[in-house]
Every structure is written in structure tokens, then in C-alpha cells.
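Novice: Got a structure for you, questions after.
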Amino acid sequence: MSEATLVLIKPDGVKRNLTGEILRRIEQKGYKITALQMLHATEKQLASHYAEHAGKPFYEPLLEFMSSGPLVAVRVEGERVIEGFRVLAGTTDPTTAAPGTIRGDLGRDWGLNVQQNLVHGSDSPESAARELALWFATA
Ligand code: RTP
Ligand code: MG
């Protein structure tokens, strides 16, 4: 069944001029980009997006990093794209993410207190619906 997921190209990806490379990988896989916007995330948006991580030690640095520059929000559609994009992205830690993945090929540990791992992808149909509404509000 075709579904939609939210991908964020995080501020490190935008700063390193990897937006095109990341979008290319998504398109080459056969997924469809159906909405795209570059924006500077507000603290409110980020707090809502990362609500599940509130209170964790990496939460504050994560919000600081995510608001450190513009990011690119992308709606991506395709068969099993929620799971498929997370495979394309690789595991959370770019140092150990498999080669061939976005994080494995393009990311590394920069020695900062937050993992700058280039992309976000929704982790379930419920997260995708919630996150797409948050980043692509039509109201
Ligand atoms: P994402 O939500 O960005 O797609 O990444 P994920 O599912 O692989 O990772 P998650 O556990 O949801 O964590 C969200 C983001 O928080 C940062 N993080 N830092 N121990 C740490 O310093 C730590 N753990 C997580 C990463 O940027 C991660 O992507
Ligand atoms: Mg996550």
C-alpha cells in the first residue's frame, strides 16, 4: 500500500550542501517527492516534533542543533516508504551506520554532544501522520 512519510534534511545536511544528494537518493530509490519546503524551524515546532524525547539528556542540545539553521521538510510517498526511508537513512549513529546508507556514506561523528546525522524519517504510520500535519500544516 502506498503511504507517505516525513523526511527532514537536518541543518547539518543543508549546511554541507547535501540537500541535492539526499533528494537524489530518495528519487533514485523510486520514491516520489510530493511536497518540499525549506524553513527555519521554530522552537514550538521542534518541541512538538520531538515531544517523545522531552526530558532526555540529548533533548536540549537536539533542539538547539535543529534550530541552528534552515532545514528542508519533505513529504515522500511510495510503497512501504516509512520503513524504506529509514533503511535508506541508516541507523541513528552515523559512525556505525552501514555504508550505502545516507548516514553511513555521508555522516560521521563530529565530536559534538548531539548526533548530527543529516536526516530524520518518521518511524511509524502514526508518527508520519502527526509529523506531516505538523510540518505541512494547511490551515
Ligand atoms: P530521527 O528521529 O531523527 O529520524 O532519528 P532516529 O529515529 O534514528 O533517532 P531518535 O532516537 O528518534 O533520536 C532523534 C534524534 O536525536 C538525536 N540523538 N542524539 N544520545 C544522543 O546524543 C542522541 N540520541 C539521539 C539524533 O539526532 C537523532 O536522530
Ligand atoms: Mg526518531
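Following the order of the C-alpha cells, chains are lettered A, B, ..., residues in each are numbered from 1, and ligands are numbered from 1.
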Step by step, measure atom-to-atom distances between ligand 1 and each residue using only C-alpha atoms and all ligand atoms, keep those at most 7 Å, then write them as a ChimeraX atom specification.
Specialist: /A:58,62,91-92,113-117,119-123
Novice: Which residues are close to region 93-101 of chain A, i.e. within 12 Å by only C-alpha atoms, leaving aside same-chain residues fewer than 2 positions away? Reply as a list of chain:residue names.
Specialist: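 The contact residues come out as A:Glu21, A:Ile22, A:Arg25, A:Ile26, A:Lys29, A:Gly84, A:Phe85, A:Arg86, A:Val87, A:Leu88, A:Ala89, A:Gly90, A:Thr91, A:Arg103, A:Gly104, A:Asp105, A:Leu106, A:Gly107, A:Arg108, A:Asp109, A:Trp110, A:Gly111, A:Val114, A:Gln115, A:Gln116, A:Asn117, A:Leu118, A:Val119.
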Novice: Export N, CA and C atoms of the chosen residues as an mmCIF file, in the first residue's frame?
Specialist:
```cif
data_model
loop_
_atom_site.group_PDB
_atom_site.id
_atom_site.type_symbol
_atom_site.label_atom_id
_atom_site.label_comp_id
_atom_site.auth_asym_id
_atom_site.auth_seq_id
_atom_site.Cartn_x
_atom_site.Cartn_y
_atom_site.Cartn_z
ATOM 1 N N GLU A 21 21.978 15.746 -2.992
ATOM 2 C CA GLU A 21 22.430 14.350 -2.909
ATOM 3 C C GLU A 21 21.408 13.483 -2.162
ATOM 4 N N ILE A 22 20.863 14.018 -1.085
ATOM 5 C CA ILE A 22 19.884 13.251 -0.297
ATOM 6 C C ILE A 22 18.589 13.076 -1.090
ATOM 7 N N ARG A 25 19.001 10.425 -3.782
ATOM 8 C CA ARG A 25 18.911 9.045 -3.297
ATOM 9 C C ARG A 25 17.454 8.621 -3.098
ATOM 10 N N ILE A 26 16.638 9.546 -2.596
ATOM 11 C CA ILE A 26 15.211 9.251 -2.389
ATOM 12 C C ILE A 26 14.543 8.984 -3.735
ATOM 13 N N LYS A 29 15.652 5.723 -5.562
ATOM 14 C CA LYS A 29 15.043 4.524 -4.974
ATOM 15 C C LYS A 29 13.663 4.278 -5.581
ATOM 16 N N GLY A 84 11.037 1.983 4.414
ATOM 17 C CA GLY A 84 12.061 2.052 3.368
ATOM 18 C C GLY A 84 12.983 3.238 3.522
ATOM 19 N N PHE A 85 12.443 4.392 3.888
ATOM 20 C CA PHE A 85 13.337 5.546 4.038
ATOM 21 C C PHE A 85 14.283 5.370 5.216
ATOM 22 N N ARG A 86 13.791 4.731 6.289
ATOM 23 C CA ARG A 86 14.679 4.543 7.453
ATOM 24 C C ARG A 86 15.829 3.591 7.122
ATOM 25 N N VAL A 87 15.569 2.644 6.231
ATOM 26 C CA VAL A 87 16.645 1.765 5.764
ATOM 27 C C VAL A 87 17.632 2.572 4.912
ATOM 28 N N LEU A 88 17.072 3.425 4.047
ATOM 29 C CA LEU A 88 17.903 4.296 3.208
ATOM 30 C C LEU A 88 18.765 5.222 4.080
ATOM 31 N N ALA A 89 18.208 5.705 5.184
ATOM 32 C CA ALA A 89 18.917 6.642 6.069
ATOM 33 C C ALA A 89 20.021 5.945 6.853
ATOM 34 N N GLY A 90 19.789 4.702 7.247
ATOM 35 C CA GLY A 90 20.762 4.014 8.101
ATOM 36 C C GLY A 90 20.474 4.267 9.569
ATOM 37 N N THR A 91 21.218 3.571 10.423
ATOM 38 C CA THR A 91 20.957 3.671 11.862
ATOM 39 C C THR A 91 21.336 5.058 12.390
ATOM 40 N N ARG A 103 23.324 8.093 6.113
ATOM 41 C CA ARG A 103 24.166 8.403 7.279
ATOM 42 C C ARG A 103 25.515 7.692 7.196
ATOM 43 N N GLY A 104 25.520 6.474 6.684
ATOM 44 C CA GLY A 104 26.758 5.698 6.593
ATOM 45 C C GLY A 104 27.726 6.265 5.568
ATOM 46 N N ASP A 105 27.208 6.762 4.471
ATOM 47 C CA ASP A 105 28.081 7.292 3.414
ATOM 48 C C ASP A 105 28.488 8.738 3.671
ATOM 49 N N LEU A 106 27.585 9.529 4.214
ATOM 50 C CA LEU A 106 27.794 10.985 4.249
ATOM 51 C C LEU A 106 28.006 11.550 5.644
ATOM 52 N N GLY A 107 27.696 10.767 6.682
ATOM 53 C CA GLY A 107 27.755 11.301 8.040
ATOM 54 C C GLY A 107 28.916 10.725 8.823
ATOM 55 N N ARG A 108 29.275 11.424 9.865
ATOM 56 C CA ARG A 108 30.254 10.881 10.811
ATOM 57 C C ARG A 108 30.050 11.564 12.158
ATOM 58 N N ASP A 109 30.755 11.117 13.159
ATOM 59 C CA ASP A 109 30.687 11.726 14.481
ATOM 60 C C ASP A 109 31.581 12.955 14.492
ATOM 61 N N TRP A 110 30.972 14.114 14.741
ATOM 62 C CA TRP A 110 31.734 15.371 14.733
ATOM 63 C C TRP A 110 32.222 15.740 16.126
ATOM 64 N N GLY A 111 32.048 14.848 17.085
ATOM 65 C CA GLY A 111 32.542 15.097 18.428
ATOM 66 C C GLY A 111 31.735 16.120 19.189
ATOM 67 N N VAL A 114 25.696 16.213 20.264
ATOM 68 C CA VAL A 114 24.477 15.783 19.609
ATOM 69 C C VAL A 114 24.884 15.054 18.335
ATOM 70 N N GLN A 115 24.140 14.045 17.970
ATOM 71 C CA GLN A 115 24.474 13.347 16.744
ATOM 72 C C GLN A 115 23.915 14.114 15.561
ATOM 73 N N GLN A 116 24.797 14.667 14.759
ATOM 74 C CA GLN A 116 24.382 15.368 13.557
ATOM 75 C C GLN A 116 24.317 14.311 12.469
ATOM 76 N N ASN A 117 23.123 13.804 12.246
ATOM 77 C CA ASN A 117 23.010 12.629 11.383
ATOM 78 C C ASN A 117 22.175 12.888 10.126
ATOM 79 N N LEU A 118 22.172 14.146 9.699
ATOM 80 C CA LEU A 118 21.729 14.553 8.358
ATOM 81 C C LEU A 118 20.242 14.500 8.068
ATOM 82 N N VAL A 119 19.561 13.454 8.523
ATOM 83 C CA VAL A 119 18.154 13.301 8.153
ATOM 84 C C VAL A 119 17.305 12.783 9.300
#
```
Novice: Near Lys44 (chain A), within 12 Å and counting only C-alpha atoms, which residues show up once chain neighbours fewer than 5 positions away are dropped, as a PyMOL selection string?
Specialist: chain A and resi 49-51+63+66-67+134-135
Novice: Could you turn the residues from that selection into a file that holds C-alpha atoms, as an mmCIF file, in the first residue's frame?
Specialist:
```
data_model
loop_
_atom_site.group_PDB
_atom_site.id
_atom_site.type_symbol
_atom_site.label_atom_id
_atom_site.label_comp_id
_atom_site.auth_asym_id
_atom_site.auth_seq_id
_atom_site.Cartn_x
_atom_site.Cartn_y
_atom_site.Cartn_z
ATOM 1 C CA HIS A 49 8.113 17.159 16.731
ATOM 2 C CA TYR A 50 10.425 15.759 19.421
ATOM 3 C CA ALA A 51 7.850 15.516 22.257
ATOM 4 C CA LEU A 63 16.573 21.376 19.778
ATOM 5 C CA MET A 66 17.763 21.620 14.870
ATOM 6 C CA SER A 67 17.206 25.380 15.120
ATOM 7 C CA LEU A 134 2.979 19.473 11.850
ATOM 8 C CA TRP A 135 5.405 20.378 9.042
#
```
Novice: One decimal, Å: what's the distance from CA of Ile9 (chain A) over to CA of Arg80 (chain A), could you say?
Specialist: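 Straight-line distance from CA of Ile9 (chain A) to CA of Arg80 (chain A) works out to 19.8 Å.
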Novice: Give me, as a PyMOL selection string, the residues of chain A that a backbone DSSP run labels helix (DSSP H, G or I).
Specialist: chain A and resi 11-15+19-28+43-49+51-53+59-66+81-89+102-106+125-135
Novice: Can you pull out every residue within 9 Å of Pro125 (chain A), counting only C-alpha atoms, but drop anything in the same chain fewer than 2 positions away, and send it as a PDB file with N, CA and C atoms, in the first residue's frame?
Specialist:
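around_29.pdb, freshly written:
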```
ATOM      1  N   GLU A   3       2.067   4.850   0.864  1.00  0.00           N
ATOM      2  CA  GLU A   3       1.926   5.663   2.070  1.00  0.00           C
ATOM      3  C   GLU A   3       2.874   6.856   1.965  1.00  0.00           C
ATOM      4  N   ALA A   4       2.780   7.743   2.955  1.00  0.00           N
ATOM      5  CA  ALA A   4       3.618   8.946   2.950  1.00  0.00           C
ATOM      6  C   ALA A   4       4.415   9.020   4.245  1.00  0.00           C
ATOM      7  N   THR A   5       5.615   9.552   4.145  1.00  0.00           N
ATOM      8  CA  THR A   5       6.442   9.751   5.337  1.00  0.00           C
ATOM      9  C   THR A   5       6.990  11.171   5.347  1.00  0.00           C
ATOM     10  N   ILE A  82       7.767   4.413   4.688  1.00  0.00           N
ATOM     11  CA  ILE A  82       8.125   4.771   6.070  1.00  0.00           C
ATOM     12  C   ILE A  82       9.309   3.914   6.513  1.00  0.00           C
ATOM     13  N   SER A 122      10.123   9.602   9.636  1.00  0.00           N
ATOM     14  CA  SER A 122       9.080   9.124  10.548  1.00  0.00           C
ATOM     15  C   SER A 122       9.271   7.631  10.816  1.00  0.00           C
ATOM     16  N   ASP A 123       8.929   7.204  12.051  1.00  0.00           N
ATOM     17  CA  ASP A 123       9.201   5.812  12.409  1.00  0.00           C
ATOM     18  C   ASP A 123       7.978   4.907  12.442  1.00  0.00           C
ATOM     19  N   SER A 127       3.351   8.249  13.597  1.00  0.00           N
ATOM     20  CA  SER A 127       4.306   9.372  13.604  1.00  0.00           C
ATOM     21  C   SER A 127       4.244  10.126  12.290  1.00  0.00           C
ATOM     22  N   ALA A 128       4.156   9.402  11.181  1.00  0.00           N
ATOM     23  CA  ALA A 128       4.134  10.052   9.869  1.00  0.00           C
ATOM     24  C   ALA A 128       2.928  10.982   9.756  1.00  0.00           C
ATOM     25  N   ALA A 129       1.757  10.520  10.178  1.00  0.00           N
ATOM     26  CA  ALA A 129       0.552  11.348  10.090  1.00  0.00           C
ATOM     27  C   ALA A 129       0.697  12.593  10.963  1.00  0.00           C
ATOM     28  N   ARG A 130       1.199  12.397  12.171  1.00  0.00           N
ATOM     29  CA  ARG A 130       1.364  13.506  13.110  1.00  0.00           C
ATOM     30  C   ARG A 130       2.406  14.499  12.581  1.00  0.00           C
TER      31      ARG A 130
END
```
Novice: Near Pro70 (chain A), counting only C-alpha atoms, which residues have an atom at most 9 Å away, once you skip same-chain residues fewer than 6 positions from it, shown as a list in words?
Specialist: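 After dropping sequence-adjacent residues, the list is Lys10, Pro11, Val14, Lys15, Met38, Leu39, His40 and Ala41 of chain A.
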Novice: For each of A:Val72, A:Ala47, A:Ile33, A:Met1, take the minimum atom-to-atom distance to Glu60 (chain A), counting only C-alpha atoms, then give the residue where this is smallest.
Specialist: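 Looking only at the distances to Glu60 (chain A), the closest residue turns out to be A:Ala47.
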Novice: From the set A:Leu112, A:Leu8, A:Leu132, A:Ala35, which residue has the shortest atom-to-atom contact distance to Ala73 (chain A), counting only C-alpha atoms?
Specialist: A:Leu8
Novice: What does the structure give for the distance between CA of Gly78 (chain A) and CA of Ser2 (chain A), in Å to one decimal?
Specialist: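 Result for CA of Gly78 (chain A) versus CA of Ser2 (chain A): 4.9 Å, one decimal.
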Novice: Just checking: using only C-alpha atoms and all ligand atoms, which residue out of A:His53, A:Arg75, A:Lys32, A:Arg16 ends up closest to ligand 2?
Specialist: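 Nearest candidate to ligand 2 out of A:His53, A:Arg75, A:Lys32, A:Arg16: A:His53.
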Novice: For the strand (DSSP E) assignment from backbone DSSP, which residues of chain A qualify? Please present them as JSON, numbers by chain.
Specialist: {"A": [2, 3, 4, 5, 6, 7, 8, 9, 32, 33, 34, 35, 36, 37, 38, 39, 71, 72, 73, 74, 75, 76, 77, 78, 79, 119, 120, 121]}
Novice: Grab the residues selected above and save them as a short mmCIF file (atom, residue, chain, number, x, y, z; two decimals), in the first residue's frame with C-alpha atoms.
Specialist:
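Wrote it out as result.cif, contents follow:
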```
data_model
loop_
_atom_site.label_atom_id
_atom_site.label_comp_id
_atom_site.auth_asym_id
_atom_site.auth_seq_id
_atom_site.Cartn_x
_atom_site.Cartn_y
_atom_site.Cartn_z
CA SER A 2 1.34 3.40 -0.91
CA GLU A 3 1.93 5.66 2.07
CA ALA A 4 3.62 8.95 2.95
CA THR A 5 6.44 9.75 5.34
CA LEU A 6 8.06 12.93 6.61
CA VAL A 7 11.75 13.39 5.86
CA LEU A 8 13.70 16.27 7.34
CA ILE A 9 17.08 17.21 5.92
CA LYS A 32 8.04 10.33 -5.08
CA ILE A 33 8.62 13.77 -3.56
CA THR A 34 5.16 15.31 -3.20
CA ALA A 35 5.89 18.37 -1.06
CA LEU A 36 9.04 20.23 -0.12
CA GLN A 37 9.87 23.32 1.89
CA MET A 38 12.99 24.94 3.29
CA LEU A 39 12.37 26.67 6.59
CA LEU A 71 16.19 22.62 7.29
CA VAL A 72 14.28 21.04 4.44
CA ALA A 73 10.96 19.29 5.12
CA VAL A 74 9.93 16.75 2.50
CA ARG A 75 6.82 14.61 2.05
CA VAL A 76 7.83 11.39 0.37
CA GLU A 77 5.38 8.83 -0.99
CA GLY A 78 5.73 5.22 -2.07
CA GLU A 79 5.14 1.60 -1.20
CA VAL A 119 18.15 13.30 8.15
CA HIS A 120 15.01 12.43 10.04
CA GLY A 121 12.40 9.94 8.89
#
```
Novice: Please compute the CA of Asn17 (chain A)-CA of Gly69 (chain A) distance, one decimal, in Å.
Specialist: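 Going from CA of Asn17 (chain A) over to CA of Gly69 (chain A), I get 12.6 Å.
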